[in-house]
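my_file.cif (mmCIF, C-alpha atoms and all ligand atoms)
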data_upload
#
loop_
_atom_site.label_atom_id
_atom_site.label_comp_id
_atom_site.auth_asym_id
_atom_site.auth_seq_id
_atom_site.Cartn_x
_atom_site.Cartn_y
_atom_site.Cartn_z
CA MET E 1 142.40 168.93 131.32
CA ARG E 2 138.70 168.15 130.98
CA ILE E 3 137.81 164.55 130.21
CA LEU E 4 134.27 163.69 129.23
CA LEU E 5 132.96 160.13 129.13
CA ILE E 6 129.81 159.27 127.17
CA HIS E 7 127.59 156.20 127.37
CA PRO E 8 125.83 156.26 123.97
CA ASN E 9 122.08 156.33 123.70
CA TYR E 10 121.48 152.81 122.47
CA HIS E 11 118.42 150.80 123.57
CA SER E 12 118.10 147.09 123.01
CA GLY E 13 114.63 146.48 124.39
CA GLY E 14 114.93 142.89 125.65
CA ALA E 15 117.51 142.98 128.42
CA GLU E 16 116.40 146.41 129.53
CA ILE E 17 113.21 145.09 131.09
CA ALA E 18 115.55 144.54 134.04
CA GLY E 19 115.70 148.31 134.40
CA ASN E 20 118.38 150.95 134.04
CA TRP E 21 121.76 149.71 135.12
CA PRO E 22 124.69 151.89 136.11
CA PRO E 23 127.41 152.00 133.44
CA ALA E 24 130.22 150.56 135.54
CA TRP E 25 132.92 151.30 132.96
CA ALA E 26 132.51 155.04 133.54
CA ALA E 27 132.93 154.67 137.31
CA TYR E 28 136.02 152.47 136.88
CA LEU E 29 137.67 154.82 134.39
CA ALA E 30 136.73 158.02 136.22
CA GLY E 31 138.09 156.60 139.49
CA SER E 32 141.35 155.56 137.88
CA LEU E 33 141.78 158.91 136.16
CA LYS E 34 141.13 160.76 139.39
CA SER E 35 143.58 158.56 141.29
CA ALA E 36 146.16 159.45 138.63
CA GLY E 37 145.57 163.16 139.22
CA PHE E 38 143.10 163.99 136.44
CA SER E 39 140.31 165.40 138.54
CA ASP E 40 138.14 167.12 135.91
CA VAL E 41 136.21 164.09 134.70
CA ARG E 42 132.56 164.41 133.59
CA PHE E 43 130.11 161.77 132.55
CA ILE E 44 127.06 161.87 130.28
CA ASP E 45 124.78 158.85 130.42
CA ALA E 46 122.99 159.48 127.14
CA MET E 47 121.37 156.05 127.29
CA THR E 48 119.69 156.34 130.67
CA ASN E 49 118.72 159.96 130.02
CA ASN E 50 117.61 159.07 126.50
CA LEU E 51 119.48 162.04 125.04
CA LEU E 52 118.86 162.80 121.39
CA GLU E 53 121.74 163.98 119.24
CA ASP E 54 120.80 167.64 119.64
CA ASP E 55 120.72 167.26 123.43
CA LEU E 56 124.12 165.62 123.36
CA ALA E 57 125.50 168.33 121.09
CA ALA E 58 124.26 171.03 123.46
CA LEU E 59 125.97 169.34 126.41
CA LEU E 60 129.18 168.85 124.46
CA LYS E 61 129.17 172.50 123.46
CA ALA E 62 128.84 173.57 127.07
CA GLU E 63 131.40 171.12 128.44
CA LYS E 64 134.22 171.99 125.97
CA PRO E 65 136.16 168.79 126.72
CA ASP E 66 139.79 168.21 125.80
CA VAL E 67 139.27 164.47 125.63
CA VAL E 68 136.04 162.59 124.90
CA GLY E 69 135.74 158.87 125.51
CA ALA E 70 132.81 156.69 124.55
CA THR E 71 132.08 153.02 125.09
CA ALA E 72 130.61 150.49 122.65
CA ILE E 73 129.27 147.01 122.65
CA THR E 74 128.51 145.64 119.19
CA PRO E 75 124.90 146.79 118.95
CA SER E 76 125.74 150.30 120.19
CA ILE E 77 128.71 150.89 117.90
CA TYR E 78 126.98 153.25 115.47
CA LYS E 79 125.58 155.34 118.30
CA ALA E 80 129.05 155.52 119.83
CA GLU E 81 130.66 156.49 116.53
CA ARG E 82 128.00 159.13 116.07
CA ALA E 83 128.55 160.59 119.55
CA LEU E 84 132.27 160.92 118.87
CA ARG E 85 131.61 162.46 115.48
CA ILE E 86 129.44 165.14 117.09
CA ALA E 87 132.23 165.81 119.61
CA LYS E 88 134.84 166.10 116.85
CA GLU E 89 132.70 168.39 114.72
CA LEU E 90 132.05 170.71 117.63
CA HIS E 91 135.58 170.64 119.00
CA PRO E 92 138.08 169.63 116.28
CA ASP E 93 141.01 169.67 118.73
CA THR E 94 139.37 167.28 121.16
CA VAL E 95 140.96 163.86 121.25
CA THR E 96 138.25 161.26 120.62
CA ILE E 97 138.66 157.81 122.14
CA LEU E 98 136.57 154.69 121.88
CA GLY E 99 136.78 151.67 124.21
CA GLY E 100 134.82 148.57 125.12
CA VAL E 101 134.41 145.07 123.82
CA HIS E 102 133.39 145.90 120.24
CA ALA E 103 136.16 148.39 119.56
CA THR E 104 138.70 146.03 121.11
CA PHE E 105 138.01 143.25 118.64
CA MET E 106 136.85 145.28 115.64
CA TYR E 107 139.27 148.22 115.71
CA GLN E 108 140.23 147.87 112.05
CA GLN E 109 136.66 148.12 110.88
CA VAL E 110 135.75 150.89 113.33
CA LEU E 111 138.75 153.07 112.46
CA SER E 112 138.07 152.59 108.76
CA GLU E 113 134.42 153.59 108.99
CA ALA E 114 134.85 156.35 111.60
CA PRO E 115 138.03 158.31 110.81
CA TRP E 116 137.06 160.98 113.34
CA ILE E 117 138.05 158.57 116.13
CA ASP E 118 141.61 159.36 117.17
CA ALA E 119 142.31 156.25 119.24
CA ILE E 120 140.82 152.97 120.30
CA VAL E 121 141.71 151.54 123.68
CA ARG E 122 141.91 147.76 123.39
CA GLY E 123 140.94 145.78 126.47
CA GLU E 124 140.71 146.97 130.05
CA GLY E 125 140.77 150.72 130.04
CA GLU E 126 142.08 151.78 133.44
CA GLU E 127 145.83 151.71 132.88
CA ILE E 128 145.87 152.34 129.13
CA LEU E 129 143.68 155.42 129.38
CA ILE E 130 145.91 156.95 132.03
CA GLU E 131 148.95 156.47 129.79
CA LEU E 132 147.08 158.03 126.90
CA VAL E 133 145.77 160.99 128.85
CA ARG E 134 149.23 161.62 130.33
CA ALA E 135 150.68 161.70 126.82
CA ILE E 136 148.02 164.20 125.73
CA ASP E 137 148.61 166.31 128.84
CA ASP E 138 152.39 166.34 128.32
CA GLY E 139 152.11 167.24 124.63
CA ARG E 140 153.47 163.84 123.57
CA TRP E 141 150.29 163.04 121.65
CA PRO E 142 150.15 162.06 118.83
CA ALA E 143 153.92 162.00 118.22
CA GLU E 144 154.56 159.21 120.76
CA ARG E 145 151.40 157.20 120.34
CA GLN E 146 153.32 154.20 119.01
CA SER E 147 154.86 153.73 122.44
CA ILE E 148 151.55 153.48 124.32
CA LYS E 149 150.49 149.87 124.77
CA GLY E 150 146.93 148.75 124.05
CA LEU E 151 146.00 151.36 121.44
CA ALA E 152 144.84 151.26 117.85
CA PHE E 153 144.78 154.29 115.55
CA ALA E 154 144.85 155.26 111.90
CA GLU E 155 147.86 156.98 110.38
CA THR E 156 149.47 157.68 107.05
CA GLY E 157 152.47 155.43 106.56
CA PRO E 158 155.04 155.35 103.75
CA ASP E 159 152.65 153.24 101.66
CA GLY E 160 149.54 155.28 102.40
CA PRO E 161 146.87 155.10 105.11
CA ARG E 162 147.10 152.22 107.57
CA ILE E 163 145.74 151.09 110.88
CA VAL E 164 148.21 150.48 113.65
CA ALA E 165 147.71 148.37 116.76
CA THR E 166 150.39 148.87 119.38
CA GLN E 167 151.63 146.05 121.60
CA ALA E 168 148.88 144.63 123.83
CA ALA E 169 148.89 146.11 127.32
CA PRO E 170 149.07 143.81 130.33
CA THR E 171 145.80 143.13 132.16
CA VAL E 172 145.12 144.92 135.45
CA LYS E 173 146.78 142.60 137.93
CA ASP E 174 145.36 143.90 141.21
CA LEU E 175 141.64 144.51 140.83
CA ASP E 176 141.38 145.53 144.48
CA ALA E 177 143.70 148.45 143.77
CA ILE E 178 141.18 150.05 141.40
CA ASN E 179 139.22 152.74 143.15
CA PRO E 180 136.04 153.29 141.11
CA ASP E 181 134.38 156.67 141.36
CA TRP E 182 130.78 155.55 141.90
CA GLY E 183 129.90 159.14 142.75
CA ILE E 184 130.08 160.10 139.08
CA LEU E 185 126.81 158.26 138.41
CA GLU E 186 123.28 159.62 138.91
CA TRP E 187 122.12 156.95 141.33
CA ASP E 188 118.47 157.95 141.47
CA LYS E 189 118.14 156.86 137.86
CA TYR E 190 119.39 153.29 138.23
CA ARG E 191 116.77 150.77 139.24
CA TYR E 192 116.41 147.00 139.07
CA ILE E 193 112.75 146.69 138.11
CA PRO E 194 112.00 143.08 139.20
CA LEU E 195 112.90 143.91 142.82
CA ASN E 196 112.12 147.62 142.58
CA CYS E 197 115.42 148.54 144.15
CA ARG E 198 118.60 150.31 143.29
CA VAL E 199 121.19 148.29 141.43
CA ALA E 200 124.98 148.35 141.55
CA ILE E 201 127.43 146.19 139.61
CA PRO E 202 130.85 146.30 141.25
CA ASN E 203 133.35 143.96 139.64
CA MET E 204 133.93 140.84 141.70
CA ALA E 205 136.13 139.22 139.11
CA ARG E 206 137.36 139.76 135.60
CA GLY E 207 137.77 137.10 132.99
CA CYS E 208 136.73 133.49 133.03
CA PRO E 209 138.62 130.24 133.59
CA PHE E 210 136.94 128.66 130.56
CA THR E 211 137.20 129.16 126.84
CA CYS E 212 133.78 128.47 125.31
CA SER E 213 134.17 128.83 121.58
CA PHE E 214 131.12 131.10 121.14
CA CYS E 215 132.08 133.53 123.89
CA SER E 216 134.08 136.74 123.70
CA GLN E 217 134.58 137.19 127.41
CA TRP E 218 137.62 135.04 128.08
CA LYS E 219 139.33 136.60 125.08
CA PHE E 220 138.47 140.10 126.17
CA TRP E 221 139.58 139.90 129.81
CA ARG E 222 142.31 137.32 129.04
CA ASP E 223 143.50 136.05 132.43
CA TYR E 224 140.97 135.18 135.15
CA ARG E 225 141.31 137.33 138.26
CA ILE E 226 139.16 137.44 141.36
CA ARG E 227 138.97 140.03 144.09
CA ASP E 228 139.40 139.55 147.81
CA PRO E 229 135.82 138.70 148.91
CA ARG E 230 136.19 140.88 152.02
CA LYS E 231 136.99 143.88 149.87
CA VAL E 232 134.00 143.14 147.67
CA VAL E 233 131.77 143.08 150.74
CA ASP E 234 133.34 146.30 151.99
CA GLU E 235 132.61 147.88 148.64
CA ILE E 236 129.00 146.72 148.65
CA GLU E 237 128.64 148.09 152.16
CA THR E 238 130.00 151.44 151.05
CA LEU E 239 127.71 151.44 148.03
CA VAL E 240 124.71 150.79 150.27
CA GLN E 241 125.71 153.50 152.71
CA ARG E 242 126.43 156.11 150.06
CA PHE E 243 123.90 155.32 147.37
CA GLY E 244 121.66 152.52 148.62
CA GLY E 245 118.56 154.57 149.46
CA GLU E 246 116.12 151.88 150.51
CA ARG E 247 119.05 149.59 151.32
CA ARG E 248 118.38 146.86 148.80
CA PRO E 249 120.93 147.00 146.05
CA LEU E 250 121.45 144.05 143.81
CA ALA E 251 125.11 143.27 143.95
CA GLN E 252 126.45 141.61 140.88
CA GLY E 253 129.91 140.99 139.58
CA GLN E 254 131.07 142.06 136.18
CA ASP E 255 130.38 138.52 135.22
CA ALA E 256 126.91 137.22 135.98
CA ALA E 257 128.50 133.79 135.59
CA ARG E 258 129.37 133.92 139.29
CA ARG E 259 126.19 131.95 139.86
CA ARG E 260 127.20 129.37 137.29
CA PRO E 261 128.86 126.22 138.53
CA CYS E 262 132.03 126.86 136.57
CA VAL E 263 132.79 130.12 138.25
CA ARG E 264 131.13 129.50 141.57
CA ARG E 265 133.48 126.71 142.45
CA ARG E 266 136.47 128.86 141.67
CA TYR E 267 135.32 131.92 143.49
CA SER E 268 136.53 131.14 146.97
CA ALA E 269 132.92 130.68 147.98
CA ASP E 270 133.58 130.10 151.67
CA ALA E 271 135.49 133.32 152.02
CA PHE E 272 132.78 135.28 150.30
CA ARG E 273 130.06 133.63 152.37
CA SER E 274 131.77 134.25 155.68
CA ALA E 275 132.42 137.88 154.79
CA ARG E 276 128.78 138.29 153.85
CA VAL E 277 127.37 136.61 156.95
CA ARG E 278 129.69 138.61 159.18
CA ARG E 279 128.38 141.81 157.63
CA SER E 280 124.74 140.78 157.80
CA HIS E 281 124.96 140.54 161.61
CA THR E 282 124.74 144.29 161.45
CA ALA E 283 121.44 144.05 159.60
CA ASN E 284 119.47 146.09 162.10
CA GLY E 285 121.98 148.85 162.58
CA GLY E 286 124.17 148.48 159.52
CA PRO E 287 123.61 147.95 155.84
CA GLY E 288 121.64 144.72 156.16
CA TRP E 289 121.92 143.98 152.49
CA ARG E 290 120.88 140.35 152.72
CA ASN E 291 119.08 138.27 155.30
CA PRO E 292 121.43 135.58 156.68
CA ALA E 293 118.47 133.22 157.00
CA GLN E 294 118.13 133.13 153.24
CA PRO E 295 120.03 130.41 151.38
CA PRO E 296 123.47 131.67 150.50
CA LEU E 297 124.08 132.74 146.93
CA THR E 298 126.95 130.32 146.79
CA GLY E 299 125.14 127.50 148.61
CA THR E 300 124.84 124.80 145.95
CA PRO E 301 127.66 122.31 146.27
CA ALA E 302 130.24 122.63 143.55
CA PRO E 303 130.12 119.85 140.96
CA PRO E 304 132.98 117.39 141.12
CA ARG E 305 135.85 117.93 138.76
CA MET E 306 136.08 115.48 135.91
CA PRO E 307 139.32 113.61 136.35
CA GLY E 308 141.72 113.79 133.49
CA ARG E 309 139.76 116.28 131.39
CA PRO E 310 141.34 119.56 130.48
CA GLN E 311 139.29 122.49 131.73
CA ARG E 312 138.76 124.13 128.41
CA SER E 313 135.09 124.75 128.35
CA GLY E 314 132.24 126.04 130.45
CA PRO E 315 129.16 124.68 132.13
CA THR E 316 128.04 122.45 129.28
CA ARG E 317 130.92 120.06 129.89
CA LEU E 318 130.26 119.56 133.57
CA PRO E 319 128.49 116.41 134.78
CA ARG E 320 124.96 116.93 136.05
C1 LIG E 401 125.88 144.15 133.36
C2 LIG E 401 125.69 143.86 131.89
C3 LIG E 401 124.51 144.29 131.29
C4 LIG E 401 123.44 145.05 132.06
C5 LIG E 401 123.77 146.53 132.17
C6 LIG E 401 124.59 147.16 131.10
C7 LIG E 401 125.15 148.51 131.53
N1 LIG E 401 124.38 149.54 131.57
O1 LIG E 401 126.32 148.61 131.84
C8 LIG E 401 122.16 144.75 131.22
C9 LIG E 401 121.51 143.51 131.81
C10 LIG E 401 121.12 145.86 131.16
C11 LIG E 401 122.80 144.42 129.89
C12 LIG E 401 122.13 144.54 128.70
C13 LIG E 401 122.67 144.19 127.48
N2 LIG E 401 123.83 143.55 127.26
CO1 LIG E 401 125.14 143.30 128.65
N3 LIG E 401 126.47 142.87 129.86
C14 LIG E 401 126.69 143.17 131.13
C15 LIG E 401 128.01 142.55 131.63
C16 LIG E 401 127.70 141.24 132.38
C17 LIG E 401 128.81 143.46 132.55
C18 LIG E 401 129.11 144.86 131.98
C19 LIG E 401 130.06 145.55 132.90
O2 LIG E 401 129.67 146.39 133.67
N4 LIG E 401 131.35 145.16 132.86
C20 LIG E 401 132.37 145.73 133.70
C21 LIG E 401 132.99 146.95 133.03
C22 LIG E 401 134.07 147.54 133.93
O3 LIG E 401 133.60 146.43 131.84
P1 LIG E 401 133.44 147.12 130.41
O4 LIG E 401 132.14 147.77 130.27
O5 LIG E 401 133.86 146.15 129.38
O6 LIG E 401 134.54 148.29 130.49
C23 LIG E 401 135.93 148.05 130.54
C24 LIG E 401 136.60 147.94 129.16
O7 LIG E 401 135.75 147.45 128.15
C25 LIG E 401 137.09 149.31 128.86
N5 LIG E 401 136.16 150.29 128.31
C26 LIG E 401 134.83 150.23 128.15
N6 LIG E 401 134.38 151.38 127.65
C27 LIG E 401 135.42 152.21 127.48
C28 LIG E 401 135.49 153.52 127.01
C29 LIG E 401 136.73 154.14 126.96
C30 LIG E 401 136.83 155.56 126.48
C31 LIG E 401 137.90 153.44 127.36
C32 LIG E 401 139.22 154.10 127.30
C33 LIG E 401 137.81 152.12 127.83
C34 LIG E 401 136.57 151.52 127.90
O8 LIG E 401 137.49 149.77 130.14
C35 LIG E 401 136.55 149.29 131.13
C36 LIG E 401 137.29 149.05 132.41
O9 LIG E 401 138.30 148.10 132.25
C37 LIG E 401 128.76 142.30 130.28
C38 LIG E 401 129.77 141.15 130.32
C39 LIG E 401 131.05 141.60 130.99
N7 LIG E 401 131.56 140.75 131.83
O10 LIG E 401 131.57 142.69 130.78
C40 LIG E 401 127.62 142.05 129.33
C41 LIG E 401 127.74 142.46 127.83
C42 LIG E 401 128.44 143.82 127.77
N8 LIG E 401 126.36 142.60 127.38
C43 LIG E 401 126.22 142.23 126.17
C44 LIG E 401 125.00 142.38 125.45
C45 LIG E 401 124.95 141.74 124.07
C46 LIG E 401 123.90 143.07 125.98
C47 LIG E 401 122.57 143.39 125.28
C48 LIG E 401 122.71 143.89 123.83
C49 LIG E 401 121.69 142.13 125.37
C50 LIG E 401 120.40 142.22 124.56
N9 LIG E 401 120.31 141.39 123.54
O11 LIG E 401 119.54 143.01 124.83
C51 LIG E 401 121.97 144.48 126.21
C52 LIG E 401 122.33 145.92 125.76
C53 LIG E 401 121.76 146.95 126.69
C54 LIG E 401 122.18 148.33 126.26
N10 LIG E 401 121.19 149.15 125.88
O12 LIG E 401 123.34 148.68 126.26
C55 LIG E 401 127.48 141.64 125.59
C56 LIG E 401 128.11 142.51 124.50
C57 LIG E 401 128.79 141.65 123.44
C58 LIG E 401 129.33 142.46 122.31
N11 LIG E 401 129.73 141.80 121.27
O13 LIG E 401 129.44 143.66 122.29
C59 LIG E 401 128.37 141.39 126.87
C60 LIG E 401 129.89 141.57 126.67
C61 LIG E 401 128.05 139.95 127.37
C62 LIG E 401 128.41 138.88 126.36
N12 LIG E 401 129.54 138.22 126.44
O14 LIG E 401 127.67 138.57 125.49
N13 LIG E 401 124.06 144.04 130.02
S1 LIG E 402 131.89 129.91 131.08
FE1 LIG E 402 130.61 131.69 130.47
S2 LIG E 402 131.95 133.52 130.53
FE2 LIG E 402 133.26 131.67 130.57
S3 LIG E 402 133.88 131.32 128.44
FE3 LIG E 402 132.04 130.07 128.83
S4 LIG E 402 130.25 131.34 128.27
FE4 LIG E 402 132.07 132.69 128.42
#

Any chance you could put this one into C-alpha cells?
Ligand code: B12
Ligand code: SF4
Amino acid sequence: MRILLIHPNYHSGGAEIAGNWPPAWAAYLAGSLKSAGFSDVRFIDAMTNNLLEDDLAALLKAEKPDVVGATAITPSIYKAERALRIAKELHPDTVTILGGVHATFMYQQVLSEAPWIDAIVRGEGEEILIELVRAIDDGRWPAERQSIKGLAFAETGPDGPRIVATQAAPTVKDLDAINPDWGILEWDKYRYIPLNCRVAIPNMARGCPFTCSFCSQWKFWRDYRIRDPRKVVDEIETLVQRFGGERRPLAQGQDAARRRPCVRRRYSADAFRSARVRRSHTANGGPGWRNPAQPPLTGTPAPPRMPGRPQRSGPTRLPR
C-alpha cells in the first residue's frame, strides 16, 4: 500500500522570515507507519518546494497513492482541502485523510465544505493513522470506520447526511517510543535564516500544563507529557550526525514554550542540562552542538510557585 503525505503550499509571510522549517508531522507519521509495517510512505513538501497545483497534480499522477494524507493549520486549510481534492479527482479510489490542529477542532465545517475528504484524524496522528491504514489494508474500510477511535467522517444516516465523530482516541502515552523517520525530509532545503544553519524540531514534550483561555494547544494535546531528556539529546545527536551538515542545528521542541517560565520549571531542567553538558564534552570529536561555556538554555532560575493558587493559567499569572 502506497501512502503519500502532503504539506500544502501555504505561505504566511511573517513567521517564515525564520526560514524553511522541516514539517515534523510528516516525519512522525512516516516513522510510525513504517514501524507498523507500512514501508511505502512518500512525502511531498509542496510548501517548501512552492509547488503550484499543476506541479502537485503531476506528482500525484505519477505516485498513484492508495492513501493521501494532508495537514492543515487554520490559515492553510483551503490549500489542504484543494490538495486532497486534486488527489481525489485524479484517483477516485484513493482514501483522502486530513489531520492537524484545524481539522481536529473544525471537522464539522471541513467535512461539510470538502466532501471529497474521506476522514479526518482528530488529535495526535501516530496511533490513529495506523489503525485507519490497517483497516484500509484489511478491506475493513469504510464498513468498520465507526470502530476506529479519533476519526470524523461524513455519512448518510437514516435521517440523511450527517457528520460522525468517533470516540476520542487516547493520547500517545510514551513519546520516547515514537520513532520519527527524519530521513523522509529533504534536509538541504530546511534552513534557519537568522543563524544560517540547518534547523530540526524534534518533539521534546507534547501539551502544556496550563490552560490559557486564548490558546488551542492544551486542548489539542490534552495531557502534558515530557520526554526523557537523555533521549532528546540522543535524538539531537543523531540528527546532527545524519543531517546536520555544518553541525549547527537549532533544536527546538514541539512547543517553543520550553523557554517560558511555565514550562521551563516543569521540564526537568537539571536532567536536560546534565545530558547536554555531557554530550558537549565531545565537541571537538563529536557533534558539538552547543558550547558548554555558553549560558545554559534552562539557566534562569524558575519563578517561585504561588502558594494556594490553582495552576490554571500560563506565564501571565506568575510573579515577576
Ligand atoms: C514549529 C512551528 C512553526 C514553524 C515551522 C512550521 C512547520 N513547517 O512545521 C514556523 C515558525 C515557521 C511556524 C510558522 C507559522 N505558524 Co506555527 N507552529 C509551530 C509549532 C510550535 C510546532 C509545530 C510542530 O512541528 N508540531 C509537532 C508536530 C508533530 O505536531 P503537528 O504538526 O500538530 O502534527 C501532529 C497532529 O496534528 C497530527 N497531524 C498533523 N498533520 C496530520 C496529517 C495527517 C494526515 C494525520 C493523520 C495527522 C496529522 O499528527 C501529528 C503527530 O501527532 C506549533 C505549535 C505546536 N506545539 O504544535 C505552531 C502552530 C502550528 N503555528 C501556528 C501558526 C498560526 C503559524 C503561522 C500561521 C504564524 C504566522 N502568523 O505567520 C505560521 C504559518 C507558516 C506556514 N506557512 O505554515 C499555530 C496554528 C494555529 C491554528 N489555529 O491552526 C500553532 C498551532 C501555534 C499556536 N498555538 O498558535 N510555525
Ligand atoms: S502556557 Fe503557552 S502553550 Fe500553555 S496554554 Fe498558555 S499560551 Fe498555551

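Between E:Pro75 and the candidates E:Asp234, E:Gly244, E:Asn9, E:Glu53, the tightest atom-to-atom separation, counting only C-alpha atoms, involves E:Asn9.
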
List all protein, DNA and RNA residues that have at least one atom no more than 6 Å from any atom of ligand LIG 401 (chain E), counting all atoms listed in the file, and write them as an mmCIF file with C-alpha atoms, in the coordinates of the input.
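Once everything was written out, this is result-v1.cif:
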data_model
loop_
_atom_site.group_PDB
_atom_site.id
_atom_site.type_symbol
_atom_site.label_atom_id
_atom_site.label_comp_id
_atom_site.auth_asym_id
_atom_site.auth_seq_id
_atom_site.Cartn_x
_atom_site.Cartn_y
_atom_site.Cartn_z
ATOM 1 C CA TYR E 10 121.480 152.810 122.470
ATOM 2 C CA HIS E 11 118.420 150.800 123.570
ATOM 3 C CA SER E 12 118.100 147.090 123.010
ATOM 4 C CA GLY E 14 114.930 142.890 125.650
ATOM 5 C CA ALA E 15 117.510 142.980 128.420
ATOM 6 C CA GLU E 16 116.400 146.410 129.530
ATOM 7 C CA TRP E 21 121.760 149.710 135.120
ATOM 8 C CA PRO E 22 124.690 151.890 136.110
ATOM 9 C CA PRO E 23 127.410 152.000 133.440
ATOM 10 C CA ALA E 24 130.220 150.560 135.540
ATOM 11 C CA TRP E 25 132.920 151.300 132.960
ATOM 12 C CA TYR E 28 136.020 152.470 136.880
ATOM 13 C CA GLY E 69 135.740 158.870 125.510
ATOM 14 C CA ALA E 70 132.810 156.690 124.550
ATOM 15 C CA THR E 71 132.080 153.020 125.090
ATOM 16 C CA ILE E 73 129.270 147.010 122.650
ATOM 17 C CA THR E 74 128.510 145.640 119.190
ATOM 18 C CA ILE E 97 138.660 157.810 122.140
ATOM 19 C CA LEU E 98 136.570 154.690 121.880
ATOM 20 C CA GLY E 99 136.780 151.670 124.210
ATOM 21 C CA GLY E 100 134.820 148.570 125.120
ATOM 22 C CA VAL E 101 134.410 145.070 123.820
ATOM 23 C CA HIS E 102 133.390 145.900 120.240
ATOM 24 C CA VAL E 121 141.710 151.540 123.680
ATOM 25 C CA GLY E 123 140.940 145.780 126.470
ATOM 26 C CA GLU E 124 140.710 146.970 130.050
ATOM 27 C CA GLY E 125 140.770 150.720 130.040
ATOM 28 C CA GLU E 126 142.080 151.780 133.440
ATOM 29 C CA LEU E 129 143.680 155.420 129.380
ATOM 30 C CA CYS E 215 132.080 133.530 123.890
ATOM 31 C CA SER E 216 134.080 136.740 123.700
ATOM 32 C CA GLN E 217 134.580 137.190 127.410
ATOM 33 C CA GLN E 254 131.070 142.060 136.180
ATOM 34 C CA ASP E 255 130.380 138.520 135.220
ATOM 35 C CA ALA E 256 126.910 137.220 135.980
#

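Checking E:Arg140, E:Arg206, E:Arg230, E:Arg82 one by one against ligand LIG 402 (chain E), counting only C-alpha atoms and all ligand atoms, you find the shortest gap at E:Arg206.
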
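The space separating atom CA of E:Thr96 from atom CA of E:Glu81 comes to 9.9 Å.
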
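Excluding stretch 35-51 of chain E itself and same-chain residues fewer than 2 positions from it, the residues having an atom within 8 Å of it are Met1, Arg2, Ile3, Leu4, Leu5, Ile6, His7, Pro8, Asn9, Tyr10, His11, Asn20, Pro23, Ala26, Ala30, Gly31, Ser32, Leu33, Glu53, Asp54, Asp55, Leu56, Ile130, Asn179, Ile184, Leu185 and Lys189 of chain E, counting all atoms listed in the file.
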
Original post:
For ligand LIG 402 (chain E), which residue among E:Leu52, E:Ala27, E:Ala80, E:Cys212 is the nearest when counting all atoms listed in the file?
Top reply: E:Cys212

Subject >> E:Ser112, E:Thr238, E:Thr211, E:Gln167 ranked by distance to ligand LIG 402 (chain E), top pick (using all atoms listed in the file) >> reply: E:Thr211

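Interatomic distance, atom CA of E:Ile163 against atom CA of E:Gln108: 6.5 Å.
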
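Atom CA of E:Leu60 sits 6.5 Å away from atom CA of E:Ala87.
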
Subject >> Non-local contacts of E:Gly19 (9 Å; all atoms listed in the file; under 6 positions in same chain excluded) as JSON, numbers by chain >> reply: {"E": [190, 191, 192, 193, 194, 196, 199]}

**OP:** Find the residue from E:Val240, E:Ile120, E:Cys208, E:Ala154 that sits nearest to ligand LIG 402 (chain E); use all atoms listed in the file when measuring.
**Re:** E:Cys208

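Remark: for E:Trp141, the closest of the candidate residues E:Pro158, E:Gln241, E:Ala119, E:Met204 is E:Ala119 (distances computed over only C-alpha atoms).
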
Quick one: axis-aligned box around all listed atoms of ligand LIG 402 (chain E), 4 Å on every side, centre and edge lengths in Å to one decimal, written as JSON.
{"center_x": 132.1, "center_y": 131.7, "center_z": 129.7, "size_x": 11.6, "size_y": 11.6, "size_z": 10.8}
